[in-house]
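A.B. asks: Next comes the structure file protein03.cif, holding mmCIF, C-alpha atoms and all ligand atoms.
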data_final
#
loop_
_atom_site.label_atom_id
_atom_site.label_comp_id
_atom_site.auth_asym_id
_atom_site.auth_seq_id
_atom_site.Cartn_x
_atom_site.Cartn_y
_atom_site.Cartn_z
CA MET B 1 0.00 0.00 0.00
CA ALA B 2 1.20 3.56 -0.75
CA ALA B 3 2.57 5.49 2.32
CA VAL B 4 -0.26 7.34 4.10
CA ARG B 5 -0.82 8.97 7.48
CA TRP B 6 -4.20 7.45 8.34
CA THR B 7 -5.17 3.98 9.56
CA ILE B 8 -7.54 1.22 8.49
CA GLU B 9 -9.41 -0.88 11.02
CA PRO B 10 -11.10 -3.89 9.37
CA LEU B 11 -14.57 -4.75 10.70
CA PRO B 12 -14.78 -8.10 12.55
CA ARG B 13 -15.87 -9.82 9.34
CA PRO B 14 -15.68 -8.76 5.67
CA PRO B 15 -16.83 -6.64 4.06
CA GLY B 16 -15.79 -3.30 5.50
CA ALA B 17 -13.12 -1.32 7.28
CA GLU B 18 -13.15 1.96 9.15
CA VAL B 19 -10.69 4.61 8.01
CA ARG B 20 -9.45 6.80 10.86
CA GLY B 21 -7.56 10.08 10.76
CA LEU B 22 -8.32 11.05 7.16
CA ASP B 23 -9.99 14.27 6.05
CA ALA B 24 -11.62 13.29 2.75
CA SER B 25 -11.85 16.91 1.63
CA CYS B 26 -8.09 17.06 1.01
CA LEU B 27 -6.92 13.76 -0.48
CA GLY B 28 -3.45 13.52 -1.98
CA GLU B 29 -2.41 11.16 -4.78
CA ASN B 30 -1.07 8.61 -2.30
CA ASP B 31 -4.35 8.67 -0.39
CA VAL B 32 -6.35 7.95 -3.53
CA GLN B 33 -4.11 5.04 -4.51
CA ALA B 34 -4.19 3.62 -0.98
CA LEU B 35 -7.99 4.01 -0.75
CA LYS B 36 -8.39 2.16 -4.07
CA GLU B 37 -6.23 -0.67 -2.75
CA ALA B 38 -8.14 -0.70 0.55
CA MET B 39 -11.48 -0.82 -1.30
CA ALA B 40 -10.18 -3.75 -3.38
CA ASP B 41 -9.28 -5.56 -0.14
CA HIS B 42 -12.20 -4.60 2.12
CA GLY B 43 -14.98 -3.66 -0.33
CA LEU B 44 -16.43 -0.91 1.83
CA LEU B 45 -14.68 1.96 3.68
CA ILE B 46 -16.37 3.97 6.42
CA LEU B 47 -15.20 7.50 7.25
CA ARG B 48 -16.95 9.23 10.14
CA ASP B 49 -17.31 12.96 10.87
CA GLN B 50 -16.44 14.28 7.43
CA LYS B 51 -17.41 17.89 6.74
CA LEU B 52 -18.09 17.99 3.02
CA THR B 53 -19.79 20.51 0.78
CA PRO B 54 -21.28 19.22 -2.50
CA ALA B 55 -18.22 20.67 -4.28
CA ASP B 56 -15.96 18.70 -1.88
CA LEU B 57 -17.82 15.48 -2.65
CA ILE B 58 -17.27 16.02 -6.37
CA ALA B 59 -13.61 16.97 -5.86
CA LEU B 60 -12.83 13.91 -3.75
CA SER B 61 -14.60 11.52 -6.16
CA GLN B 62 -12.94 12.79 -9.35
CA PRO B 63 -9.40 11.41 -8.79
CA PHE B 64 -10.89 7.89 -8.63
CA GLY B 65 -11.99 8.10 -12.28
CA ALA B 66 -14.53 9.71 -14.59
CA LEU B 67 -17.85 10.47 -12.91
CA GLU B 68 -21.01 8.81 -14.20
CA PRO B 69 -23.79 11.40 -14.58
CA PRO B 70 -26.98 10.11 -12.88
CA THR B 71 -29.45 8.61 -15.37
CA ARG B 72 -32.45 10.27 -13.70
CA GLU B 73 -31.72 13.98 -13.98
CA GLN B 74 -34.82 14.89 -11.99
CA PHE B 75 -33.02 13.84 -8.79
CA THR B 76 -29.68 15.55 -9.29
CA LEU B 77 -28.42 18.46 -7.21
CA PRO B 78 -28.97 21.63 -9.29
CA GLU B 79 -25.57 23.15 -8.43
CA GLU B 80 -23.65 19.84 -8.90
CA PRO B 81 -25.47 17.72 -11.50
CA ASP B 82 -23.09 14.77 -10.99
CA ILE B 83 -24.54 14.35 -7.49
CA PHE B 84 -27.60 12.13 -7.17
CA VAL B 85 -29.81 13.02 -4.21
CA ILE B 86 -31.53 10.33 -2.16
CA SER B 87 -34.16 11.99 0.00
CA ASN B 88 -37.76 12.00 1.15
CA VAL B 89 -37.72 15.81 1.55
CA VAL B 90 -40.14 17.85 -0.53
CA GLU B 91 -39.35 21.54 -1.10
CA ASN B 92 -41.76 23.93 -2.82
CA GLY B 93 -43.95 20.97 -3.75
CA ARG B 94 -41.07 19.14 -5.47
CA PRO B 95 -39.15 16.09 -4.13
CA ILE B 96 -35.49 17.09 -3.84
CA GLY B 97 -34.38 13.51 -4.47
CA SER B 98 -35.37 9.93 -5.04
CA ALA B 99 -37.08 8.69 -1.86
CA ASN B 100 -36.03 5.02 -2.10
CA ASP B 101 -32.83 4.12 -3.80
CA ASP B 102 -32.71 1.14 -3.67
CA MET B 103 -34.30 -1.32 -1.23
CA ALA B 104 -33.14 -4.54 -2.85
CA TRP B 105 -29.69 -6.14 -3.03
CA HIS B 106 -27.73 -4.85 -5.99
CA THR B 107 -24.37 -3.70 -7.30
CA ASP B 108 -24.42 -0.22 -8.81
CA GLN B 109 -25.37 0.26 -12.45
CA ILE B 110 -24.71 -3.31 -13.55
CA TYR B 111 -26.90 -2.39 -16.55
CA PHE B 112 -24.11 -0.26 -18.06
CA ASP B 113 -21.46 -1.61 -20.41
CA ARG B 114 -18.92 -0.16 -17.96
CA PRO B 115 -20.68 -0.37 -14.60
CA THR B 116 -19.83 1.78 -11.60
CA ALA B 117 -16.49 0.93 -10.01
CA TYR B 118 -16.69 3.19 -6.96
CA THR B 119 -19.66 4.72 -5.17
CA PHE B 120 -19.42 7.57 -2.63
CA LEU B 121 -22.37 8.15 -0.32
CA TYR B 122 -22.42 11.08 2.09
CA GLY B 123 -25.00 11.42 4.84
CA ILE B 124 -26.32 14.94 5.47
CA GLU B 125 -29.53 14.22 7.37
CA THR B 126 -29.89 10.63 8.56
CA PRO B 127 -32.78 9.12 10.54
CA THR B 128 -32.05 7.87 14.04
CA GLU B 129 -34.06 4.70 13.33
CA GLY B 130 -34.05 2.59 10.14
CA ALA B 131 -32.54 3.73 6.83
CA ASN B 132 -29.51 1.50 7.36
CA THR B 133 -27.46 0.44 4.36
CA LEU B 134 -26.60 -3.27 4.17
CA PHE B 135 -23.46 -4.70 2.52
CA CYS B 136 -22.16 -8.17 1.70
CA GLU B 137 -19.34 -9.35 -0.56
CA THR B 138 -19.33 -12.01 -3.27
CA TYR B 139 -15.62 -13.04 -3.34
CA GLU B 140 -16.27 -15.66 -0.69
CA LEU B 141 -19.10 -17.09 -2.79
CA TYR B 142 -16.62 -17.77 -5.56
CA ASP B 143 -13.91 -19.07 -3.19
CA GLU B 144 -16.37 -21.61 -1.75
CA LEU B 145 -17.15 -23.22 -5.13
CA ASP B 146 -15.65 -26.59 -6.05
CA ALA B 147 -13.50 -26.82 -9.20
CA GLU B 148 -16.27 -28.28 -11.38
CA THR B 149 -18.76 -25.58 -10.45
CA ARG B 150 -16.15 -22.87 -11.04
CA GLU B 151 -15.58 -24.26 -14.51
CA GLY B 152 -19.33 -24.24 -15.25
CA TYR B 153 -19.80 -20.73 -13.89
CA ALA B 154 -16.91 -19.45 -16.01
CA ASN B 155 -19.15 -20.01 -19.07
CA ILE B 156 -22.21 -18.15 -17.78
CA ASP B 157 -23.08 -14.70 -19.10
CA ILE B 158 -25.97 -12.58 -17.88
CA GLU B 159 -27.93 -9.93 -19.76
CA TYR B 160 -29.01 -6.78 -17.89
CA SER B 161 -31.68 -4.25 -18.80
CA HIS B 162 -31.73 -0.68 -17.46
CA ASN B 163 -35.12 -0.10 -19.07
CA LYS B 164 -36.70 -3.17 -17.45
CA LEU B 165 -35.48 -2.02 -14.04
CA PHE B 166 -36.90 1.47 -14.37
CA ALA B 167 -39.96 0.55 -16.47
CA GLY B 168 -42.66 3.20 -16.11
CA ARG B 169 -40.25 5.72 -14.54
CA LEU B 170 -38.31 6.86 -17.63
CA THR B 171 -39.00 9.35 -20.38
CA PRO B 172 -38.88 7.91 -23.95
CA GLU B 173 -35.58 9.80 -24.40
CA GLN B 174 -34.06 8.26 -21.24
CA MET B 175 -35.10 4.80 -22.49
CA LEU B 176 -33.24 5.18 -25.79
CA ARG B 177 -29.95 5.94 -24.04
CA HIS B 178 -29.33 2.57 -22.40
CA PRO B 179 -29.37 -0.60 -24.51
CA ASP B 180 -29.22 -3.98 -22.73
CA VAL B 181 -25.72 -5.28 -21.88
CA VAL B 182 -24.12 -8.67 -21.14
CA HIS B 183 -21.52 -9.38 -18.41
CA PRO B 184 -19.81 -12.57 -17.20
CA LEU B 185 -20.95 -14.13 -13.92
CA VAL B 186 -17.36 -14.62 -12.78
CA ARG B 187 -15.60 -11.26 -12.53
CA THR B 188 -11.91 -10.57 -11.95
CA HIS B 189 -10.90 -7.55 -9.87
CA PRO B 190 -8.50 -5.34 -11.89
CA VAL B 191 -6.48 -4.24 -8.82
CA ASN B 192 -5.87 -7.51 -6.92
CA GLY B 193 -6.95 -10.19 -9.44
CA ARG B 194 -9.49 -11.70 -7.03
CA LYS B 195 -12.50 -13.43 -8.57
CA SER B 196 -16.05 -12.78 -7.41
CA LEU B 197 -19.54 -13.66 -8.56
CA TYR B 198 -21.09 -10.66 -10.27
CA PHE B 199 -24.85 -10.70 -10.69
CA GLY B 200 -27.98 -8.57 -10.52
CA ARG B 201 -31.44 -9.24 -9.21
CA ARG B 202 -34.15 -10.97 -11.19
CA LYS B 203 -36.03 -7.78 -12.14
CA LEU B 204 -33.40 -6.68 -14.67
CA SER B 205 -31.34 -9.84 -15.29
CA ARG B 206 -31.49 -12.77 -17.69
CA PRO B 207 -28.85 -15.52 -17.43
CA LEU B 208 -28.14 -16.66 -20.99
CA GLY B 209 -28.06 -20.27 -22.19
CA MET B 210 -30.74 -21.53 -19.80
CA PRO B 211 -34.56 -21.37 -19.75
CA GLU B 212 -35.74 -18.05 -18.31
CA ASP B 213 -37.41 -19.44 -15.16
CA GLU B 214 -34.41 -21.65 -14.40
CA GLY B 215 -32.12 -18.61 -14.84
CA LEU B 216 -34.17 -16.55 -12.42
CA ARG B 217 -34.17 -19.33 -9.82
CA PHE B 218 -30.38 -19.58 -10.24
CA LEU B 219 -30.06 -15.85 -9.46
CA ASP B 220 -32.36 -16.19 -6.46
CA ARG B 221 -30.15 -18.96 -5.07
CA LEU B 222 -26.98 -16.90 -5.54
CA ASN B 223 -28.64 -13.94 -3.89
CA GLU B 224 -29.85 -16.06 -0.98
CA ARG B 225 -26.34 -17.47 -0.40
CA ALA B 226 -24.64 -14.08 -0.68
CA THR B 227 -26.96 -12.28 1.72
CA ARG B 228 -27.20 -14.76 4.60
CA PRO B 229 -27.38 -12.69 7.80
CA GLU B 230 -23.95 -13.81 9.01
CA ARG B 231 -22.37 -12.33 5.86
CA VAL B 232 -24.06 -8.93 6.13
CA TYR B 233 -22.70 -5.67 7.56
CA LYS B 234 -25.42 -3.19 8.54
CA HIS B 235 -24.33 0.45 8.43
CA GLN B 236 -26.22 2.59 10.92
CA TRP B 237 -25.84 6.12 9.63
CA ARG B 238 -24.77 9.21 11.48
CA PRO B 239 -24.78 12.66 9.84
CA ARG B 240 -21.41 13.36 8.15
CA ASP B 241 -20.65 9.68 7.48
CA LEU B 242 -18.93 9.12 4.17
CA LEU B 243 -19.08 5.61 2.74
CA MET B 244 -17.00 4.64 -0.27
CA TRP B 245 -17.18 1.22 -1.84
CA ASP B 246 -15.93 -0.89 -4.70
CA ASN B 247 -18.87 -2.43 -6.54
CA ARG B 248 -16.97 -5.22 -8.29
CA GLY B 249 -17.48 -7.85 -5.57
CA LEU B 250 -19.95 -6.15 -3.28
CA LEU B 251 -23.75 -6.04 -3.00
CA HIS B 252 -25.67 -3.46 -1.01
CA SER B 253 -29.23 -2.55 -0.16
CA ALA B 254 -31.03 0.38 1.42
CA THR B 255 -33.58 -0.38 4.15
CA PRO B 256 -36.86 1.33 5.02
CA TYR B 257 -37.56 4.02 7.62
CA ASP B 258 -40.55 5.95 8.84
CA GLN B 259 -40.71 8.65 6.20
CA ALA B 260 -43.51 10.50 7.96
CA LYS B 261 -41.32 10.87 11.07
CA HIS B 262 -37.76 11.30 9.73
CA ARG B 263 -36.00 13.33 7.06
CA ARG B 264 -33.18 11.73 5.07
CA ILE B 265 -30.78 13.53 2.73
CA VAL B 266 -27.87 11.57 1.28
CA HIS B 267 -25.67 12.58 -1.65
CA ARG B 268 -24.13 10.06 -4.05
CA THR B 269 -21.46 10.16 -6.74
CA SER B 270 -20.49 7.26 -9.01
CA VAL B 271 -17.19 6.57 -10.77
CA ILE B 272 -17.22 4.66 -14.06
CA GLY B 273 -15.37 1.33 -14.04
CA GLU B 274 -14.02 -1.04 -16.68
CA LYS B 275 -16.00 -3.48 -18.82
CA PRO B 276 -16.26 -6.51 -16.48
CA TYR B 277 -14.05 -9.49 -17.36
C1 LIG F 1 -27.70 3.08 -2.88
O1 LIG F 1 -28.22 2.01 -3.19
O2 LIG F 1 -26.77 3.56 -3.53
C2 LIG F 1 -28.25 3.87 -1.72
C3 LIG F 1 -28.25 3.14 -0.44
C4 LIG F 1 -29.01 3.90 0.61
O3 LIG F 1 -29.79 4.80 0.29
O4 LIG F 1 -28.87 3.57 1.79
#
Starting from the file, give its structure as structure tokens.

C.D. replies:
Amino acid sequence: MAAVRWTIEPLPRPPGAEVRGLDASCLGENDVQALKEAMADHGLLILRDQKLTPADLIALSQPFGALEPPTREQFTLPEEPDIFVISNVVENGRPIGSANDDMAWHTDQIYFDRPTAYTFLYGIETPTEGANTLFCETYELYDELDAETREGYANIDIEYSHNKLFAGRLTPEQMLRHPDVVHPLVRTHPVNGRKSLYFGRRKLSRPLGMPEDEGLRFLDRLNERATRPERVYKHQWRPRDLLMWDNRGLLHSATPYDQAKHRRIVHRTSVIGEKPY
């Protein structure tokens, strides 16, 4: 790892590590490289008590790669359109963000040819109950497979559809922008070479080379194995938490909260990754 002045404390079980002593608003080149390596190793990094303006969030995300503009422009922050707002707050009769994003296990933007590598999520207002974010990794799922199953899985490709996922919520113009894509089930991490299982949920996914219902049951089984409670880290948010994660071998899910009682405002940026291989 590149020389840095902060420390990393892994959580008791993967995924996740807490980064201590780092101010994310002034990252140097060494910090960025070391954070990339740490995300490859731990999946998720947790930084508490960060004081970030929207411009800071953009500035800290940019050195990790090109930013992916949000596909639903109606929920972007007017002054920083590369920030996607997750919120139940309504101002002047207009929701300032997307209220639920996204209460099912997923890896970010698997429906792109080059899906999101890194996601940054910054908590501004966070409910004291509920609205946790759950994480689990899928490297272990691959490591646990016997040699014959690994060989079989190496030949499985899965098709993903952005338009199926957001059906009914897109303008005709938004629908034209995102054709379906195909990615391999077994994915290799470009930084450390580790293999993981890379898959989406049934709503947008179609494993190729098998009957559709069998393919969907196959995905359900993978999802069930990946998300067993003992594999899951539950992040209980505090205001000014910054989470950064590497989507290649990691699944996450939002969880509900009482939206009549609590306000939630969270800002997200996404960094474009490589074509999965
Ligand atoms: C996300 O899926 O990126 C958002 C998770 C959350 O809102 O907790």

A.B. asks: Leaving out Gly130 (chain B) and any residue of its chain fewer than 2 positions from it, which residues lie within 8 Å of it when counting only C-alpha atoms, given as a ChimeraX atom specification?

C.D. replies: /B:127-128,132,236,255-258

A.B. asks: Compute the set of protein, DNA and RNA residues whose minimum atom distance to ligand LIG 1 (chain F) is at most 6 Å, using only C-alpha atoms and all ligand atoms, and state it as JSON, numbers by chain.

C.D. replies: {"B": [101, 102, 132, 133, 253, 254]}

A.B. asks: Kindly give the distance, in Å, that separates CA of Arg231 (chain B) and CA of Met103 (chain B), rounded to a single decimal.

C.D. replies: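 Atom-to-atom, CA of Arg231 (chain B) to CA of Met103 (chain B), that is 17.7 Å.
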
A.B. asks: Could you pull the residues within 12 Å of region 237-243 of chain B, counting all atoms listed in the file, minus those fewer than 4 positions along the same chain, as number ranges by chain?

C.D. replies: B: 16-20, 22-25, 35, 39, 43-53, 56-57, 60-61, 118-135, 252, 254-255, 263-270

A.B. asks: What is the distance, in Å and to one decimal place, between CA of Asp246 (chain B) and CA of His262 (chain B)?

C.D. replies: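 Answer for the CA of Asp246 (chain B) to CA of His262 (chain B) separation: 28.9 Å.
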
A.B. asks: Work out how far apart CA of His235 (chain B) and CA of Arg187 (chain B) are and give it in Å to one decimal.

C.D. replies: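 Computing the Euclidean distance for CA of His235 (chain B) and CA of Arg187 (chain B) yields 25.5 Å.
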
A.B. asks: Where's the centre, and what are the edge lengths in Å to one decimal, of a box along x, y and z enclosing all listed atoms of region 185-202 of chain B padded 3 Å per side, as AutoDock Vina command-line options?

C.D. replies:
--center_x -20.0 --center_y -9.4 --center_z -10.4 --size_x 34.3 --size_y 16.4 --size_z 13.0

A.B. asks: Within 12 Å of Phe112 (chain B), counting all atoms listed in the file, which residues qualify if same-chain residues fewer than 2 places away don't, as a short mmCIF file (atom, residue, chain, number, x, y, z; two decimals) with C-alpha atoms, in the coordinates of the input?

C.D. replies:
data_model
loop_
_atom_site.label_atom_id
_atom_site.label_comp_id
_atom_site.auth_asym_id
_atom_site.auth_seq_id
_atom_site.Cartn_x
_atom_site.Cartn_y
_atom_site.Cartn_z
CA GLU B 68 -21.01 8.81 -14.20
CA PRO B 70 -26.98 10.11 -12.88
CA THR B 71 -29.45 8.61 -15.37
CA THR B 107 -24.37 -3.70 -7.30
CA ASP B 108 -24.42 -0.22 -8.81
CA GLN B 109 -25.37 0.26 -12.45
CA ILE B 110 -24.71 -3.31 -13.55
CA ARG B 114 -18.92 -0.16 -17.96
CA PRO B 115 -20.68 -0.37 -14.60
CA THR B 116 -19.83 1.78 -11.60
CA ALA B 117 -16.49 0.93 -10.01
CA GLU B 159 -27.93 -9.93 -19.76
CA TYR B 160 -29.01 -6.78 -17.89
CA SER B 161 -31.68 -4.25 -18.80
CA HIS B 162 -31.73 -0.68 -17.46
CA ASN B 163 -35.12 -0.10 -19.07
CA ARG B 177 -29.95 5.94 -24.04
CA HIS B 178 -29.33 2.57 -22.40
CA PRO B 179 -29.37 -0.60 -24.51
CA ASP B 180 -29.22 -3.98 -22.73
CA VAL B 181 -25.72 -5.28 -21.88
CA VAL B 182 -24.12 -8.67 -21.14
CA HIS B 183 -21.52 -9.38 -18.41
CA GLY B 200 -27.98 -8.57 -10.52
CA LEU B 204 -33.40 -6.68 -14.67
CA ILE B 272 -17.22 4.66 -14.06
CA GLY B 273 -15.37 1.33 -14.04
CA GLU B 274 -14.02 -1.04 -16.68
CA LYS B 275 -16.00 -3.48 -18.82
CA PRO B 276 -16.26 -6.51 -16.48
#

A.B. asks: Pick from B:Cys26, B:Ala55, B:Val4, B:Ala99: nearest to Ala260 (chain B), with only C-alpha atoms counted?

C.D. replies: B:Ala99

A.B. asks: Smallest atom-to-atom distance to Thr138 (chain B): which of B:Trp245, B:Tyr111, B:Phe199, B:Phe64, using all atoms listed in the file?

C.D. replies: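 Ranking B:Trp245, B:Tyr111, B:Phe199, B:Phe64 by distance to Thr138 (chain B), first place goes to B:Phe199.
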
A.B. asks: Using all atoms listed in the file, which residues sit within 9 Å of region 224-226 of chain B once same-chain residues fewer than 6 positions away are excluded, as an MDAnalysis selection string?

C.D. replies: chainID B and resid 136:138 140:141 232 251

A.B. asks: Given the choices B:Leu27, B:Arg228, B:Arg150, B:Ala34, which gets closest to Ala3 (chain B) if the distance is worked out from all atoms listed in the file?

C.D. replies: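 Once distances to Ala3 (chain B) are computed over all atoms listed in the file, the minimum belongs to B:Ala34.
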
A.B. asks: With all atoms listed in the file as the atoms that count, which of B:Asp143, B:Asp82, B:Glu73, B:Glu91 lies nearest to Arg169 (chain B)?

C.D. replies: B:Glu73

A.B. asks: With distances taken over all atoms listed in the file, which of B:Pro172, B:Leu67, B:Pro229, B:Trp105 is nearest to Lys203 (chain B)?

C.D. replies: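 The shortest atom-to-atom distance to Lys203 (chain B) comes from B:Trp105.
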
A.B. asks: Near Leu208 (chain B), counting all atoms listed in the file, which residues have an atom at most 7 Å away, once you skip same-chain residues fewer than 5 positions from it, shown as a list in words?

C.D. replies: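 Selected residues are Ile156, Asp157, Ile158 and Glu159 of chain B.
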
A.B. asks: Of the candidates B:Ala154, B:Thr227, B:Leu11, B:Arg72, which shows the shortest atom-to-atom distance to Gln174 (chain B), using all atoms listed in the file?

C.D. replies: B:Arg72
